[in-house]
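Data block for structure_2.cif (mmCIF, C-alpha atoms):
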data_my_file
#
loop_
_atom_site.group_PDB
_atom_site.id
_atom_site.type_symbol
_atom_site.label_atom_id
_atom_site.label_comp_id
_atom_site.auth_asym_id
_atom_site.auth_seq_id
_atom_site.Cartn_x
_atom_site.Cartn_y
_atom_site.Cartn_z
ATOM 1 C CA MET A 1 -32.966 21.579 4.701
ATOM 2 C CA GLY A 2 -32.367 23.533 1.510
ATOM 3 C CA LEU A 3 -30.874 20.753 -0.619
ATOM 4 C CA SER A 4 -32.338 20.109 -4.037
ATOM 5 C CA ARG A 5 -30.009 17.816 -6.012
ATOM 6 C CA LEU A 6 -30.721 14.101 -5.711
ATOM 7 C CA VAL A 7 -28.795 11.414 -7.605
ATOM 8 C CA LEU A 8 -29.941 7.779 -7.518
ATOM 9 C CA VAL A 9 -27.825 4.755 -8.439
ATOM 10 C CA SER A 10 -29.595 1.739 -9.907
ATOM 11 C CA PRO A 11 -32.777 2.402 -7.892
ATOM 12 C CA GLY A 12 -35.138 0.040 -9.668
ATOM 13 C CA GLU A 13 -38.745 1.282 -9.641
ATOM 14 C CA TRP A 14 -38.549 4.561 -7.780
ATOM 15 C CA LYS A 15 -40.919 7.232 -9.134
ATOM 16 C CA THR A 16 -43.997 5.482 -7.797
ATOM 17 C CA PRO A 17 -47.297 7.104 -6.754
ATOM 18 C CA GLU A 18 -46.440 6.267 -3.114
ATOM 19 C CA ALA A 19 -43.039 7.962 -3.345
ATOM 20 C CA LEU A 20 -44.483 11.067 -5.005
ATOM 21 C CA ALA A 21 -47.234 11.243 -2.393
ATOM 22 C CA MET A 22 -44.701 11.087 0.438
ATOM 23 C CA ALA A 23 -42.531 13.754 -1.218
ATOM 24 C CA TRP A 24 -45.474 16.194 -1.284
ATOM 25 C CA ASN A 25 -44.041 19.759 -1.125
ATOM 26 C CA SER A 26 -40.604 18.558 -2.226
ATOM 27 C CA ARG A 27 -41.991 16.560 -5.124
ATOM 28 C CA GLU A 28 -39.853 18.409 -7.683
ATOM 29 C CA ILE A 29 -36.671 17.029 -6.032
ATOM 30 C CA LEU A 30 -37.833 13.488 -6.742
ATOM 31 C CA GLU A 31 -39.080 14.302 -10.222
ATOM 32 C CA ASP A 32 -35.792 16.027 -11.166
ATOM 33 C CA ALA A 33 -33.539 13.319 -9.705
ATOM 34 C CA LYS A 34 -30.715 12.067 -11.923
ATOM 35 C CA VAL A 35 -30.419 8.303 -12.329
ATOM 36 C CA HIS A 36 -27.242 6.313 -13.030
ATOM 37 C CA GLN A 37 -26.708 2.585 -13.226
ATOM 38 C CA GLU A 38 -23.141 2.645 -11.842
ATOM 39 C CA LEU A 39 -21.770 4.464 -8.800
ATOM 40 C CA GLN A 40 -18.563 5.444 -10.580
ATOM 41 C CA GLU A 41 -20.620 7.163 -13.258
ATOM 42 C CA ALA A 42 -22.735 8.986 -10.682
ATOM 43 C CA VAL A 43 -19.823 10.429 -8.686
ATOM 44 C CA GLY A 44 -17.148 10.641 -11.390
ATOM 45 C CA ASN A 45 -17.023 14.462 -11.378
ATOM 46 C CA THR A 46 -17.193 14.786 -7.592
ATOM 47 C CA GLY A 47 -14.225 16.517 -5.968
ATOM 48 C CA LEU A 48 -15.163 15.494 -2.422
ATOM 49 C CA LEU A 49 -17.149 12.350 -1.683
ATOM 50 C CA LEU A 50 -18.179 11.457 1.872
ATOM 51 C CA GLY A 51 -19.854 8.145 2.542
ATOM 52 C CA THR A 52 -22.121 7.329 5.468
ATOM 53 C CA SER A 53 -21.836 4.179 7.562
ATOM 54 C CA SER A 54 -22.116 2.879 11.104
ATOM 55 C CA ARG A 55 -18.842 1.002 10.536
ATOM 56 C CA THR A 56 -15.629 2.771 11.498
ATOM 57 C CA ALA A 57 -13.525 0.948 8.845
ATOM 58 C CA ARG A 58 -9.796 1.750 8.769
ATOM 59 C CA ARG A 59 -9.985 5.501 8.598
ATOM 60 C CA LYS A 60 -11.018 7.732 11.463
ATOM 61 C CA PRO A 61 -14.635 8.706 10.723
ATOM 62 C CA LEU A 62 -16.124 12.181 10.767
ATOM 63 C CA SER A 63 -19.055 13.310 12.873
ATOM 64 C CA PRO A 64 -22.017 14.746 10.922
ATOM 65 C CA GLU A 65 -20.913 18.274 11.892
ATOM 66 C CA GLN A 66 -17.300 17.669 10.816
ATOM 67 C CA GLY A 67 -18.510 16.216 7.538
ATOM 68 C CA ALA A 68 -20.795 19.184 6.939
ATOM 69 C CA ARG A 69 -17.964 21.661 7.551
ATOM 70 C CA LEU A 70 -15.647 19.827 5.178
ATOM 71 C CA LEU A 71 -18.293 19.613 2.456
ATOM 72 C CA LEU A 72 -19.277 23.276 2.664
ATOM 73 C CA LYS A 73 -15.649 24.387 2.746
ATOM 74 C CA SER A 74 -15.038 22.645 -0.581
ATOM 75 C CA ALA A 75 -18.397 23.325 -2.259
ATOM 76 C CA LYS A 76 -17.544 26.831 -3.493
ATOM 77 C CA LYS A 77 -15.203 25.569 -6.219
ATOM 78 C CA ASN A 78 -15.985 21.861 -6.395
ATOM 79 C CA GLU A 79 -18.806 19.410 -6.805
ATOM 80 C CA VAL A 80 -19.305 17.659 -3.464
ATOM 81 C CA SER A 81 -21.474 14.640 -2.668
ATOM 82 C CA ILE A 82 -22.765 12.613 0.274
ATOM 83 C CA LEU A 83 -23.159 8.919 -0.431
ATOM 84 C CA PHE A 84 -25.878 6.943 1.360
ATOM 85 C CA GLY A 85 -26.190 3.188 1.009
ATOM 86 C CA PRO A 86 -29.357 1.153 0.420
ATOM 87 C CA GLU A 87 -31.747 0.627 3.314
ATOM 88 C CA ASP A 88 -31.123 -3.089 3.734
ATOM 89 C CA LYS A 89 -27.319 -3.308 3.797
ATOM 90 C CA GLY A 90 -25.742 0.145 3.628
ATOM 91 C CA LEU A 91 -22.539 0.839 1.698
ATOM 92 C CA SER A 92 -20.155 -1.988 0.859
ATOM 93 C CA ASN A 93 -16.463 -1.846 1.791
ATOM 94 C CA GLU A 94 -15.650 -1.258 -1.866
ATOM 95 C CA GLU A 95 -18.058 1.693 -2.044
ATOM 96 C CA LEU A 96 -16.691 3.195 1.182
ATOM 97 C CA ALA A 97 -13.150 2.812 -0.168
ATOM 98 C CA MET A 98 -14.118 5.088 -3.064
ATOM 99 C CA CYS A 99 -14.897 7.911 -0.617
ATOM 100 C CA HIS A 100 -12.389 10.418 0.746
ATOM 101 C CA SER A 101 -13.762 9.769 4.229
ATOM 102 C CA HIS A 102 -17.042 8.771 5.824
ATOM 103 C CA ILE A 103 -19.514 10.076 8.348
ATOM 104 C CA VAL A 104 -20.632 8.050 11.353
ATOM 105 C CA ILE A 105 -23.642 9.233 13.330
ATOM 106 C CA PRO A 106 -23.002 8.553 17.040
ATOM 107 C CA ALA A 107 -25.521 6.124 18.507
ATOM 108 C CA ALA A 108 -25.824 3.591 21.328
ATOM 109 C CA SER A 109 -23.555 0.581 20.747
ATOM 110 C CA LYS A 110 -26.455 -1.857 21.074
ATOM 111 C CA TYR A 111 -28.227 -0.392 17.995
ATOM 112 C CA PRO A 112 -25.648 1.666 16.075
ATOM 113 C CA SER A 113 -27.402 1.632 12.683
ATOM 114 C CA LEU A 114 -30.084 4.122 11.694
ATOM 115 C CA ASN A 115 -32.492 3.642 8.848
ATOM 116 C CA LEU A 116 -31.849 5.537 5.651
ATOM 117 C CA ALA A 117 -34.425 8.315 6.160
ATOM 118 C CA GLN A 118 -33.092 9.062 9.651
ATOM 119 C CA ALA A 119 -29.487 9.179 8.469
ATOM 120 C CA VAL A 120 -30.331 11.517 5.576
ATOM 121 C CA ALA A 121 -32.289 13.829 7.878
ATOM 122 C CA ILE A 122 -29.481 14.096 10.447
ATOM 123 C CA VAL A 123 -26.721 14.729 7.903
ATOM 124 C CA CYS A 124 -28.814 17.282 6.005
ATOM 125 C CA TYR A 125 -29.715 19.010 9.272
ATOM 126 C CA GLU A 126 -26.034 19.416 10.141
ATOM 127 C CA LEU A 127 -25.347 20.783 6.654
ATOM 128 C CA TYR A 128 -28.103 23.329 7.134
ATOM 129 C CA CYS A 129 -26.854 24.377 10.591
ATOM 130 C CA VAL A 130 -23.257 24.800 9.436
ATOM 131 C CA SER A 131 -24.381 26.741 6.352
ATOM 132 C CA GLN A 132 -26.120 29.290 8.585
ATOM 133 C CA LYS A 133 -22.892 30.009 10.466
ATOM 134 C CA GLY A 134 -20.875 30.829 7.358
ATOM 135 C CA GLN A 135 -17.866 28.928 6.121
ATOM 136 C CA SER A 136 -14.562 30.060 4.620
ATOM 137 C CA PRO A 137 -14.357 28.406 1.187
ATOM 138 C CA ASP A 138 -11.393 26.292 0.144
ATOM 139 C CA SER A 139 -9.366 27.755 -2.726
ATOM 140 C CA LYS A 140 -8.366 24.345 -4.113
ATOM 141 C CA ASN A 141 -9.854 22.848 -7.272
ATOM 142 C CA LEU A 142 -10.079 19.247 -6.110
ATOM 143 C CA ALA A 143 -9.256 16.176 -8.148
ATOM 144 C CA SER A 144 -12.416 14.318 -9.097
ATOM 145 C CA ILE A 145 -13.236 10.717 -8.243
ATOM 146 C CA ARG A 146 -12.541 9.940 -11.917
ATOM 147 C CA ASP A 147 -9.094 11.592 -11.622
ATOM 148 C CA LEU A 148 -8.334 9.571 -8.492
ATOM 149 C CA LYS A 149 -9.404 6.321 -10.129
ATOM 150 C CA GLY A 150 -6.949 6.940 -12.983
ATOM 151 C CA PHE A 151 -4.180 7.880 -10.549
ATOM 152 C CA PHE A 152 -4.702 4.810 -8.366
ATOM 153 C CA ALA A 153 -4.684 2.506 -11.395
ATOM 154 C CA HIS A 154 -1.431 4.135 -12.581
ATOM 155 C CA LEU A 155 0.079 3.956 -9.071
ATOM 156 C CA LYS A 156 -0.817 0.275 -8.686
ATOM 157 C CA ASP A 157 0.750 -0.542 -12.051
ATOM 158 C CA ILE A 158 4.003 1.225 -11.093
ATOM 159 C CA LEU A 159 4.156 -0.382 -7.631
ATOM 160 C CA ILE A 160 3.824 -3.802 -9.252
ATOM 161 C CA LYS A 161 6.513 -2.930 -11.813
ATOM 162 C CA ILE A 162 9.014 -1.919 -9.139
ATOM 163 C CA ARG A 163 8.054 -5.029 -7.114
ATOM 164 C CA PHE A 164 6.744 -3.066 -4.167
ATOM 165 C CA LEU A 165 3.298 -4.614 -4.533
ATOM 166 C CA ASP A 166 2.430 -8.250 -5.069
ATOM 167 C CA PRO A 167 -0.280 -8.332 -7.772
ATOM 168 C CA LYS A 168 -1.815 -11.479 -6.254
ATOM 169 C CA ARG A 169 -1.826 -10.516 -2.570
ATOM 170 C CA GLY A 170 -1.609 -6.734 -2.463
ATOM 171 C CA ALA A 171 -5.298 -5.742 -2.441
ATOM 172 C CA ASP A 172 -5.459 -4.850 1.258
ATOM 173 C CA PHE A 173 -2.122 -3.056 1.158
ATOM 174 C CA MET A 174 -3.240 -1.066 -1.875
ATOM 175 C CA GLY A 175 -6.339 -0.080 0.092
ATOM 176 C CA ASP A 176 -4.099 1.372 2.818
ATOM 177 C CA ILE A 177 -2.081 3.295 0.219
ATOM 178 C CA LYS A 178 -5.272 4.722 -1.319
ATOM 179 C CA GLY A 179 -6.364 5.875 2.132
ATOM 180 C CA ILE A 180 -3.188 7.943 2.540
ATOM 181 C CA PHE A 181 -3.902 9.914 -0.635
ATOM 182 C CA GLN A 182 -7.656 10.181 -0.050
ATOM 183 C CA ARG A 183 -7.159 11.727 3.392
ATOM 184 C CA ALA A 184 -5.029 14.423 1.738
ATOM 185 C CA ILE A 185 -7.992 15.461 -0.485
ATOM 186 C CA LEU A 186 -5.729 16.209 -3.437
ATOM 187 C CA SER A 187 -6.162 19.063 -5.896
ATOM 188 C CA ARG A 188 -6.118 18.593 -9.664
ATOM 189 C CA ARG A 189 -2.661 20.173 -9.785
ATOM 190 C CA GLU A 190 -1.355 17.781 -7.137
ATOM 191 C CA ILE A 191 -2.696 14.812 -9.072
ATOM 192 C CA ARG A 192 -0.965 16.071 -12.231
ATOM 193 C CA ILE A 193 2.318 16.353 -10.310
ATOM 194 C CA LEU A 194 1.965 12.843 -8.885
ATOM 195 C CA ARG A 195 1.096 11.395 -12.290
ATOM 196 C CA GLY A 196 4.232 13.112 -13.627
ATOM 197 C CA VAL A 197 6.319 11.446 -10.905
ATOM 198 C CA LEU A 198 4.809 8.065 -11.807
ATOM 199 C CA ARG A 199 5.559 8.575 -15.504
ATOM 200 C CA GLN A 200 9.180 9.430 -14.655
ATOM 201 C CA ILE A 201 9.504 6.280 -12.533
ATOM 202 C CA GLU A 202 7.984 4.292 -15.367
ATOM 203 C CA TRP A 203 10.429 5.824 -17.888
ATOM 204 C CA TRP A 204 13.388 5.102 -15.596
ATOM 205 C CA LYS A 205 12.255 1.516 -15.027
ATOM 206 C CA ASP A 206 11.799 0.889 -18.758
ATOM 207 C CA SER A 207 15.150 2.487 -19.657
ATOM 208 C CA GLU A 208 16.884 0.334 -17.013
ATOM 209 C CA ARG A 209 15.922 -2.789 -18.933
ATOM 210 C CA LYS A 210 17.644 -1.602 -22.136
#
How would this structure read if it were set down as structure tokens?
Amino acid sequence: MGLSRLVLVSPGEWKTPEALAMAWNSREILEDAKVHQELQEAVGNTGLLLGTSSRTARRKPLSPEQGARLLLKSAKKNEVSILFGPEDKGLSNEELAMCHSHIVIPAASKYPSLNLAQAVAIVCYELYCVSQKGQSPDSKNLASIRDLKGFFAHLKDILIKIRFLDPKRGADFMGDIKGIFQRAILSRREIRILRGVLRQIEWWKDSERK
């Protein structure tokens, strides 16, 4: 389908004779794959990260075509990634929460889950089809997953300081707050503005104590 960049996260033994034999004419994709031990490290520079899951979670999912359009729209100026989970259990809730949104492939309710190879093929097919139609690129330089992680940590700290968030029981609520910002697909400039707002709140809160 025209894709050539493969990133693997903690894959164990992966470049086996069987895998290379199955790759055949696309063998160089497997041989050139980048390997990371942590997901955060693998997607840290990504400006748009879409997960894949049969679970709808809290956020409204995207169809494969919608996901492809969003990815290609942002790919001109940003690194974009599609995250697939392991064959046996898929992506965890924590891994899905790291994504801006996620793709669900419509299937019969009795057997909603596809195996990994099928899911990859369908999503890549939609990417290929959308790419042939042309896509107006997005002009925004998106905040990376690493930028968002720093922002969310800062935001959580401030919300605890102003007693909006209970540090012991606020995990689910913080997940909802993250979802609001992730759906916005923030630019680097927008993140800088928001971090500035948080610093001002922090300064005001600290000065209030004096």
List as JSON lines every residue of stretch 142-179 of chain A that is in contact with stretch 89-107 of chain A, defined as an atom at most 12 Å from one of its atoms (using all atoms listed in the file), together with the nearest atom pair and the distance in Å rounded to one decimal, sorted by chain and then rising number.
{"residue": "A:Leu142", "atom": "CA", "partner": "A:His100", "partner_atom": "CA", "distance": 11.4}
{"residue": "A:Ala143", "atom": "CA", "partner": "A:His100", "partner_atom": "CA", "distance": 11.0}
{"residue": "A:Ser144", "atom": "CA", "partner": "A:His100", "partner_atom": "CA", "distance": 10.6}
{"residue": "A:Ile145", "atom": "CA", "partner": "A:Met98", "partner_atom": "CA", "distance": 7.7}
{"residue": "A:Arg146", "atom": "CA", "partner": "A:Met98", "partner_atom": "CA", "distance": 10.2}
{"residue": "A:Asp147", "atom": "CA", "partner": "A:Met98", "partner_atom": "CA", "distance": 11.9}
{"residue": "A:Leu148", "atom": "CA", "partner": "A:Met98", "partner_atom": "CA", "distance": 9.1}
{"residue": "A:Lys149", "atom": "CA", "partner": "A:Met98", "partner_atom": "CA", "distance": 8.6}
{"residue": "A:Phe152", "atom": "CA", "partner": "A:Met98", "partner_atom": "CA", "distance": 10.8}
{"residue": "A:Ala171", "atom": "CA", "partner": "A:Glu94", "partner_atom": "CA", "distance": 11.3}
{"residue": "A:Asp172", "atom": "CA", "partner": "A:Ala97", "partner_atom": "CA", "distance": 10.9}
{"residue": "A:Met174", "atom": "CA", "partner": "A:Ala97", "partner_atom": "CA", "distance": 10.8}
{"residue": "A:Gly175", "atom": "CA", "partner": "A:Ala97", "partner_atom": "CA", "distance": 7.4}
{"residue": "A:Asp176", "atom": "CA", "partner": "A:Ala97", "partner_atom": "CA", "distance": 9.6}
{"residue": "A:Ile177", "atom": "CA", "partner": "A:Ala97", "partner_atom": "CA", "distance": 11.1}
{"residue": "A:Lys178", "atom": "CA", "partner": "A:Ala97", "partner_atom": "CA", "distance": 8.2}
{"residue": "A:Gly179", "atom": "CA", "partner": "A:His100", "partner_atom": "CA", "distance": 7.7}
Quick one: which residues end up in the PyMOL selection byres ((chain A and resi 157) around 12) for this structure, as a list of chain:residue names?
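Expected selection for the PyMOL selection byres ((chain A and resi 157) around 12) here is A:Gly150, A:Phe151, A:Phe152, A:Ala153, A:His154, A:Leu155, A:Lys156, A:Ile158, A:Leu159, A:Ile160, A:Lys161, A:Ile162, A:Arg163, A:Phe164, A:Leu165, A:Asp166, A:Pro167, A:Gly170, A:Met174, A:Arg195, A:Leu198, A:Arg199, A:Ile201, A:Glu202.
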How far is it from atom CA of A:Trp204 to atom CA of A:Ser187, in Å with one decimal?
25.9 Å
Evaluated on this file, the PyMOL selection byres ((chain A and resi 115) around 10) picks out some residues - which ones are they, written as a count of residues only?
11
What separation in Å, quoted to one decimal, exists between atom CA of A:Pro11 and atom CA of A:Asn78?
25.7 Å
As a JSON list (two decimals), keeping the file's coordinate frame, the rebuilt stretch 80-111 of chain A with N, CA and C atoms:
[["chain", "number", "residue", "atom", "x", "y", "z"],
["A", 80, "VAL", "N", -19.45, 18.51, -4.64],
["A", 80, "VAL", "CA", -19.30, 17.66, -3.46],
["A", 80, "VAL", "C", -20.54, 16.78, -3.34],
["A", 81, "SER", "N", -20.37, 15.59, -2.76],
["A", 81, "SER", "CA", -21.47, 14.64, -2.67],
["A", 81, "SER", "C", -21.43, 13.88, -1.35],
["A", 82, "ILE", "N", -22.62, 13.51, -0.88],
["A", 82, "ILE", "CA", -22.76, 12.61, 0.27],
["A", 82, "ILE", "C", -23.36, 11.32, -0.25],
["A", 83, "LEU", "N", -22.73, 10.22, 0.08],
["A", 83, "LEU", "CA", -23.16, 8.92, -0.43],
["A", 83, "LEU", "C", -23.85, 8.12, 0.67],
["A", 84, "PHE", "N", -25.11, 7.77, 0.44],
["A", 84, "PHE", "CA", -25.88, 6.94, 1.36],
["A", 84, "PHE", "C", -26.09, 5.57, 0.72],
["A", 85, "GLY", "N", -25.99, 4.54, 1.52],
["A", 85, "GLY", "CA", -26.19, 3.19, 1.01],
["A", 85, "GLY", "C", -27.65, 2.79, 1.00],
["A", 86, "PRO", "N", -27.96, 1.64, 0.43],
["A", 86, "PRO", "CA", -29.36, 1.15, 0.42],
["A", 86, "PRO", "C", -29.84, 0.81, 1.83],
["A", 87, "GLU", "N", -31.13, 0.83, 2.00],
["A", 87, "GLU", "CA", -31.75, 0.63, 3.31],
["A", 87, "GLU", "C", -31.35, -0.70, 3.96],
["A", 88, "ASP", "N", -31.28, -1.75, 3.15],
["A", 88, "ASP", "CA", -31.12, -3.09, 3.73],
["A", 88, "ASP", "C", -29.69, -3.44, 4.16],
["A", 89, "LYS", "N", -28.68, -2.88, 3.48],
["A", 89, "LYS", "CA", -27.32, -3.31, 3.80],
["A", 89, "LYS", "C", -26.29, -2.19, 3.86],
["A", 90, "GLY", "N", -26.68, -0.97, 3.56],
["A", 90, "GLY", "CA", -25.74, 0.14, 3.63],
["A", 90, "GLY", "C", -24.70, 0.07, 2.53],
["A", 91, "LEU", "N", -23.61, 0.81, 2.69],
["A", 91, "LEU", "CA", -22.54, 0.84, 1.70],
["A", 91, "LEU", "C", -21.59, -0.34, 1.90],
["A", 92, "SER", "N", -21.13, -0.90, 0.79],
["A", 92, "SER", "CA", -20.16, -1.99, 0.86],
["A", 92, "SER", "C", -18.78, -1.42, 1.18],
["A", 93, "ASN", "N", -17.84, -2.28, 1.54],
["A", 93, "ASN", "CA", -16.46, -1.85, 1.79],
["A", 93, "ASN", "C", -15.85, -1.23, 0.55],
["A", 94, "GLU", "N", -16.17, -1.79, -0.60],
["A", 94, "GLU", "CA", -15.65, -1.26, -1.87],
["A", 94, "GLU", "C", -16.19, 0.14, -2.13],
["A", 95, "GLU", "N", -17.46, 0.37, -1.84],
["A", 95, "GLU", "CA", -18.06, 1.69, -2.04],
["A", 95, "GLU", "C", -17.49, 2.71, -1.06],
["A", 96, "LEU", "N", -17.29, 2.30, 0.19],
["A", 96, "LEU", "CA", -16.69, 3.20, 1.18],
["A", 96, "LEU", "C", -15.25, 3.54, 0.81],
["A", 97, "ALA", "N", -14.54, 2.58, 0.22],
["A", 97, "ALA", "CA", -13.15, 2.81, -0.17],
["A", 97, "ALA", "C", -13.04, 3.86, -1.26],
["A", 98, "MET", "N", -14.11, 4.08, -2.01],
["A", 98, "MET", "CA", -14.12, 5.09, -3.06],
["A", 98, "MET", "C", -14.21, 6.50, -2.47],
["A", 99, "CYS", "N", -14.68, 6.60, -1.25],
["A", 99, "CYS", "CA", -14.90, 7.91, -0.62],
["A", 99, "CYS", "C", -13.62, 8.46, 0.00],
["A", 100, "HIS", "N", -13.53, 9.79, 0.09],
["A", 100, "HIS", "CA", -12.39, 10.42, 0.75],
["A", 100, "HIS", "C", -12.41, 10.12, 2.25],
["A", 101, "SER", "N", -13.58, 10.11, 2.83],
["A", 101, "SER", "CA", -13.76, 9.77, 4.23],
["A", 101, "SER", "C", -15.23, 9.40, 4.40],
["A", 102, "HIS", "N", -15.63, 9.08, 5.63],
["A", 102, "HIS", "CA", -17.04, 8.77, 5.82],
["A", 102, "HIS", "C", -17.54, 9.29, 7.16],
["A", 103, "ILE", "N", -18.83, 9.52, 7.19],
["A", 103, "ILE", "CA", -19.51, 10.08, 8.35],
["A", 103, "ILE", "C", -20.16, 8.95, 9.15],
["A", 104, "VAL", "N", -19.95, 8.98, 10.45],
["A", 104, "VAL", "CA", -20.63, 8.05, 11.35],
["A", 104, "VAL", "C", -21.48, 8.86, 12.33],
["A", 105, "ILE", "N", -22.75, 8.55, 12.40],
["A", 105, "ILE", "CA", -23.64, 9.23, 13.33],
["A", 105, "ILE", "C", -23.56, 8.52, 14.68],
["A", 106, "PRO", "N", -23.13, 9.21, 15.73],
["A", 106, "PRO", "CA", -23.00, 8.55, 17.04],
["A", 106, "PRO", "C", -24.35, 8.00, 17.51],
["A", 107, "ALA", "N", -24.30, 6.77, 18.00],
["A", 107, "ALA", "CA", -25.52, 6.12, 18.51],
["A", 107, "ALA", "C", -25.12, 5.07, 19.54],
["A", 108, "ALA", "N", -26.08, 4.61, 20.31],
["A", 108, "ALA", "CA", -25.82, 3.59, 21.33],
["A", 108, "ALA", "C", -25.24, 2.34, 20.67],
["A", 109, "SER", "N", -24.26, 1.72, 21.33],
["A", 109, "SER", "CA", -23.56, 0.58, 20.75],
["A", 109, "SER", "C", -24.47, -0.62, 20.49],
["A", 110, "LYS", "N", -25.55, -0.72, 21.24],
["A", 110, "LYS", "CA", -26.46, -1.86, 21.07],
["A", 110, "LYS", "C", -27.18, -1.79, 19.74],
["A", 111, "TYR", "N", -27.55, -0.58, 19.29],
["A", 111, "TYR", "CA", -28.23, -0.39, 18.00],
["A", 111, "TYR", "C", -27.58, 0.78, 17.26]]
